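Participant: The structure file my_file-v5.txt (compact mmCIF, C-alpha atoms) is provided below.
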# COMPACT_ATOMS: atom_id res chain seq x y z
CA MET S 99 0.00 0.00 0.00
CA SER S 100 1.40 3.37 -0.95
CA PHE S 101 1.91 6.23 1.45
CA VAL S 102 -1.01 8.09 -0.10
CA GLU S 103 -3.23 5.02 0.14
CA VAL S 104 -2.38 4.67 3.82
CA LEU S 105 -3.20 8.29 4.44
CA ALA S 106 -6.35 8.02 2.35
CA ALA S 107 -7.50 4.98 4.28
CA ALA S 108 -6.90 6.79 7.54
CA LYS S 109 -8.80 9.84 6.36
CA GLU S 110 -11.42 7.98 4.29
CA LEU S 111 -10.68 10.09 1.22
CA THR S 112 -12.34 9.73 -2.15
CA ALA S 113 -10.26 8.91 -5.24
CA ASP S 114 -10.28 12.55 -6.31
CA GLU S 115 -9.23 13.62 -2.82
CA GLN S 116 -6.41 11.01 -2.93
CA ARG S 117 -5.10 12.50 -6.18
CA GLU S 118 -5.28 15.98 -4.70
CA LEU S 119 -3.37 14.77 -1.63
CA ALA S 120 -0.71 13.18 -3.84
CA ARG S 121 -0.36 16.44 -5.72
CA GLU S 122 -0.01 18.44 -2.50
CA LEU S 123 2.65 16.04 -1.26
CA ALA S 124 4.42 16.21 -4.63
CA LEU S 125 4.24 12.43 -4.96
CA PRO S 126 4.49 10.75 -8.35
CA PRO S 127 1.28 10.42 -10.32
CA ASP S 128 -0.39 7.05 -10.51
CA ASP S 129 0.40 6.63 -14.21
CA ILE S 130 4.09 6.02 -13.53
CA PRO S 131 4.62 2.26 -13.51
CA GLU S 132 5.40 0.85 -10.08
CA HIS S 133 8.78 -0.54 -11.14
CA LEU S 134 9.94 2.95 -12.17
CA ARG S 135 8.80 4.86 -9.08
CA GLN S 136 11.93 3.90 -7.15
CA PHE S 137 14.01 6.03 -9.54
CA ILE S 138 12.04 9.26 -9.24
CA PRO S 139 14.38 11.90 -7.80
CA PRO S 140 13.41 14.14 -4.90
CA GLU S 141 11.24 17.14 -5.62
CA GLY S 142 13.30 19.86 -7.27
CA PHE S 143 15.95 17.50 -8.68
CA VAL S 144 16.21 15.96 -12.12
CA ALA S 145 18.35 13.05 -10.94
CA GLU S 146 19.77 11.55 -7.80
CA PHE S 147 23.16 9.93 -7.29
CA TRP S 148 23.77 7.42 -4.55
CA HIS S 149 27.46 6.49 -4.84
CA PRO S 150 27.43 3.58 -2.40
CA THR S 151 30.82 2.46 -1.17
CA THR S 152 32.12 0.83 2.00
CA ASP S 153 35.05 0.67 4.38
CA ALA S 154 38.01 -1.74 4.48
CA ALA S 155 36.13 -4.35 6.49
CA GLY S 156 33.26 -4.17 4.01
CA TRP S 157 35.61 -4.72 1.12
CA GLU S 158 37.09 -7.75 2.83
CA ALA S 159 33.59 -9.20 3.17
CA ILE S 160 32.90 -8.45 -0.49
CA ARG S 161 36.12 -10.21 -1.50
CA GLU S 162 35.09 -13.26 0.52
CA ALA S 163 31.65 -13.29 -1.11
CA LEU S 164 33.16 -12.99 -4.57
CA ALA S 165 35.40 -15.94 -3.77
CA GLU S 166 32.27 -17.89 -2.82
CA ILE S 167 30.82 -17.16 -6.26
CA GLN S 168 33.90 -18.71 -7.82
CA THR S 169 33.30 -21.88 -5.82
CA GLY S 170 29.55 -21.95 -6.46
CA GLY S 171 28.58 -20.64 -3.03
CA THR S 172 25.27 -18.96 -2.26
CA THR S 173 25.90 -16.31 0.37
CA MET I 278 27.35 -13.25 -28.51
CA ASN I 279 25.82 -10.01 -29.74
CA PRO I 280 25.17 -7.29 -27.18
CA ILE I 281 21.56 -6.67 -26.19
CA VAL I 282 20.35 -3.14 -26.83
CA PHE I 283 18.21 -1.42 -24.20
CA PRO I 284 16.59 2.01 -24.41
CA TYR I 285 17.12 4.66 -21.77
CA GLN I 286 13.92 5.25 -19.80
CA TYR I 287 12.40 8.34 -18.25
CA THR I 288 12.67 8.41 -14.47
CA GLY I 289 10.36 11.35 -13.89
CA PRO I 290 6.66 11.94 -14.36
CA ASN I 291 7.24 13.86 -17.60
CA PRO I 292 9.19 12.88 -20.75
CA ASP I 293 12.03 15.22 -19.90
CA PRO I 294 15.27 14.17 -21.66
CA GLN I 295 17.24 15.11 -18.54
CA THR I 296 15.55 12.30 -16.65
CA LEU I 297 16.51 9.55 -19.10
CA ALA I 298 18.52 6.83 -17.38
CA PRO I 299 19.97 3.42 -18.26
CA LEU I 300 17.39 1.23 -16.56
CA LEU I 301 17.85 -2.47 -17.11
CA PRO I 302 15.00 -4.99 -16.80
CA LEU I 303 16.29 -8.25 -15.41
CA ARG I 304 15.11 -11.30 -13.55
CA LEU I 305 16.59 -12.25 -10.19
CA ARG I 306 16.46 -15.83 -9.00
CA ARG I 307 17.44 -17.55 -5.79
CA GLY I 308 16.19 -20.91 -4.63
CA GLY I 309 12.72 -21.34 -6.05
CA VAL I 310 11.92 -17.64 -6.08
CA THR I 311 12.20 -15.40 -9.12
CA MET I 312 11.32 -11.75 -9.48
CA ASP I 313 11.45 -9.24 -12.28
CA VAL I 314 13.12 -5.98 -11.33
CA THR I 315 14.42 -2.86 -13.00
CA GLY I 316 17.90 -1.73 -11.99
CA LEU I 317 19.86 1.42 -12.67
CA VAL I 318 23.09 0.51 -14.46
CA ASP I 319 25.27 2.71 -12.29
CA SER I 320 28.95 2.92 -13.13
CA GLY I 321 29.38 5.29 -10.17
CA ALA I 322 28.26 2.64 -7.69
CA THR I 323 31.13 0.59 -6.34
CA TYR I 324 28.81 -2.38 -5.80
CA SER I 325 25.22 -3.36 -6.46
CA ILE I 326 22.39 -2.54 -4.10
CA LEU I 327 19.18 -4.42 -3.38
CA PRO I 328 16.53 -2.49 -1.39
CA TYR I 329 15.14 -4.30 1.63
CA ASP I 330 11.70 -5.21 0.26
CA PHE I 331 13.18 -6.74 -2.88
CA GLY I 332 15.51 -9.04 -0.94
CA ALA I 333 12.77 -9.95 1.52
CA ARG I 334 10.73 -11.43 -1.31
CA PHE I 335 13.27 -14.24 -1.50
CA GLY I 336 12.10 -15.32 1.94
CA ILE I 337 15.57 -15.05 3.44
CA ASP I 338 16.20 -14.04 7.04
CA TRP I 339 18.39 -10.94 6.74
CA GLN I 340 20.10 -11.75 10.04
CA SER I 341 21.04 -15.23 8.88
CA LEU I 342 23.40 -14.05 6.16
CA PRO I 343 27.04 -14.17 7.23
CA HIS I 344 28.62 -11.15 5.53
CA THR I 345 27.73 -7.72 6.91
CA ILE I 346 29.00 -4.47 5.45
CA THR I 347 28.39 -0.83 6.22
CA VAL I 348 27.20 1.17 3.26
CA ARG I 349 28.94 4.52 2.94
CA GLY I 350 27.96 7.28 0.58
CA VAL I 351 24.48 8.70 0.55
CA LEU I 352 23.14 5.96 2.85
CA GLN I 353 25.60 7.09 5.55
CA GLY I 354 26.30 3.97 7.52
CA THR I 355 23.32 1.80 6.69
CA PRO I 356 24.06 -1.89 7.39
CA ALA I 357 23.76 -4.39 4.59
CA LYS I 358 24.17 -8.12 4.08
CA LEU I 359 25.86 -9.55 1.04
CA LEU I 360 23.51 -11.66 -1.04
CA ILE I 361 24.24 -13.71 -4.15
CA VAL I 362 21.40 -14.26 -6.61
CA ASP I 363 21.28 -15.37 -10.22
CA GLY I 364 20.70 -12.56 -12.67
CA LEU I 365 18.98 -13.27 -15.98
CA ILE I 366 19.14 -10.64 -18.70
CA GLY I 367 17.22 -11.40 -21.86
CA SER I 368 18.52 -14.61 -23.36
CA LEU I 369 21.93 -14.37 -21.69
CA PRO I 370 22.96 -17.24 -19.44
CA PRO I 371 22.25 -16.88 -15.70
CA THR I 372 25.04 -15.03 -13.91
CA PRO I 373 25.68 -14.91 -10.16
CA LEU I 374 25.29 -11.32 -9.00
CA LEU I 375 26.45 -9.98 -5.65
CA PHE I 376 24.22 -7.41 -3.96
CA ALA I 377 24.44 -5.42 -0.77
CA TRP I 378 20.96 -6.05 0.65
CA VAL I 379 20.27 -2.91 2.63
CA THR I 380 17.85 -2.36 5.49
CA THR I 381 16.08 0.48 3.74
CA ASN I 382 13.92 1.07 0.70
CA ALA I 383 15.15 4.63 0.26
CA ILE I 384 17.35 3.60 -2.63
CA PRO I 385 16.57 1.85 -5.89
CA VAL I 386 18.09 -1.31 -7.33
CA LEU I 387 21.60 -0.33 -8.39
CA LEU I 388 23.79 -2.44 -10.64
CA GLY I 389 27.33 -1.37 -9.78
CA GLN I 390 30.95 -2.17 -10.46
CA THR I 391 31.09 -5.18 -8.10
CA ASN I 392 30.11 -7.46 -9.57
CA PHE I 393 27.70 -6.41 -12.36
CA PHE I 394 30.42 -4.64 -14.35
CA PHE I 395 32.79 -7.53 -13.65
CA GLU I 396 30.40 -9.88 -15.41
CA PHE I 397 28.97 -7.75 -18.21
CA ASP I 398 30.44 -5.44 -20.81
CA VAL I 399 28.30 -2.32 -20.87
CA CYS I 400 28.42 0.43 -23.46
CA PHE I 401 26.49 3.65 -22.96
CA HIS I 402 25.28 5.52 -26.04
CA ARG I 403 23.58 8.45 -24.38
CA SER I 404 23.38 10.43 -27.62
CA ARG I 405 21.16 7.67 -28.98
CA SER I 406 19.40 7.08 -25.63
CA GLN I 407 20.41 3.46 -25.56
CA PHE I 408 22.95 1.16 -23.95
CA THR I 409 24.15 -2.33 -24.67
CA VAL I 410 24.90 -5.25 -22.39
CA ALA I 411 26.89 -8.35 -23.28
CA PRO I 412 28.57 -11.08 -21.26
CA ARG I 413 32.16 -10.19 -20.41
CA THR I 414 34.71 -11.20 -22.96
CA PRO I 415 37.21 -13.79 -21.71
As structure tokens, what does this structure read like?
Facilitator:
Amino acid sequence: MSFVEVLAAAKELTADEQRELARELALPPDDIPEHLRQFIPPEGFVAEFWHPTTDAAGWEAIREALAEIQTGGTT
Amino acid sequence: MNPIVFPYQYTGPNPDPQTLAPLLPLRLRRGGVTMDVTGLVDSGATYSILPYDFGARFGIDWQSLPHTITVRGVLQGTPAKLLIVDGLIGSLPPTPLLFAWVTTNAIPVLLGQTNFFFEFDVCFHRSRSQFTVAPRTP
């Protein structure tokens, strides 16, 4: 259930009122497919960059997991 | 094997060319569970990311996985477990993909250097709004 649907359920809003609420909250319109919604950048931005990385201990764990792939492991 | 061509897709509510991104549809499989996802092919990500709800659909206990890492960058210290799943792209053979399965959904599926770019040769053709993916060359 989406955030708007939760709010709508709590407030017993009509469909039109739900759309108005989504617009006020600057949430994506319903016509954007669900699998694409995760990529919508924050309001006011045209893109978002995440740049995940990790520390030395994390890299050691990644190296171990990669080694498991080579041996057919399933971490 | 010929590369597979994928179109860039809009990531915003309007067809604004600035929001076009290399989004890759792929199937993830582990055990008897498969799911279709869309991932951002992100050469700026040092490893791949799987949001919490996506990983949970495999029915795995997050705590049971042995390798824990701390995600730095925009997630600022979020813990993650390393998870290996098979990735299926079009007709290409299944490939083991390593993900950092994070405890948040505030990030999309990212396909990063480790190990997506280890396994696949990716060419971006932004001027044509398309990218290609092929198995790595030996």
Participant: What are the residues of chain S lining chain I at 9 Å or less? Count all atoms listed in the file, and put the answer as a PyMOL selection string.
Facilitator: chain S and resi 126-127+129-130+133-139+144-145+147-153+155-157+159-160+162-164+167+170-173
Participant: Can you work out which one of I:Leu365, I:Val310, I:Val379, I:Leu303 has the shortest atom-to-atom distance to Gln340 of chain I, counting only C-alpha atoms?
Facilitator: I:Val379
Participant: Atom CA of Phe283 of chain I and atom CA of Gln407 of chain I, how far apart in Å?
Facilitator: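 Between these atoms lies a distance of 5.5 Å.
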Participant: For a test of reading the model, state the distance in Å between atom CA of Phe408 of chain I and atom CA of Pro280 of chain I, rounded to one decimal.
Facilitator: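 We find that atom CA of Phe408 of chain I and atom CA of Pro280 of chain I lie 9.3 Å from each other.
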Participant: One decimal, Å: what's the distance from atom CA of Pro284 of chain I over to atom CA of Val318 of chain I, could you say?
Facilitator: 12.0 Å
Participant: The centre and edge lengths of an axis-aligned box containing all atoms of segment 300-311 of chain I present in the file, extended by 8 Å on each side, are to be given in Å to one decimal, as lines of an AutoDock Vina configuration file.
Facilitator:
center_x = 14.9
center_y = -10.1
center_z = -10.9
size_x = 21.9
size_y = 38.6
size_z = 28.5
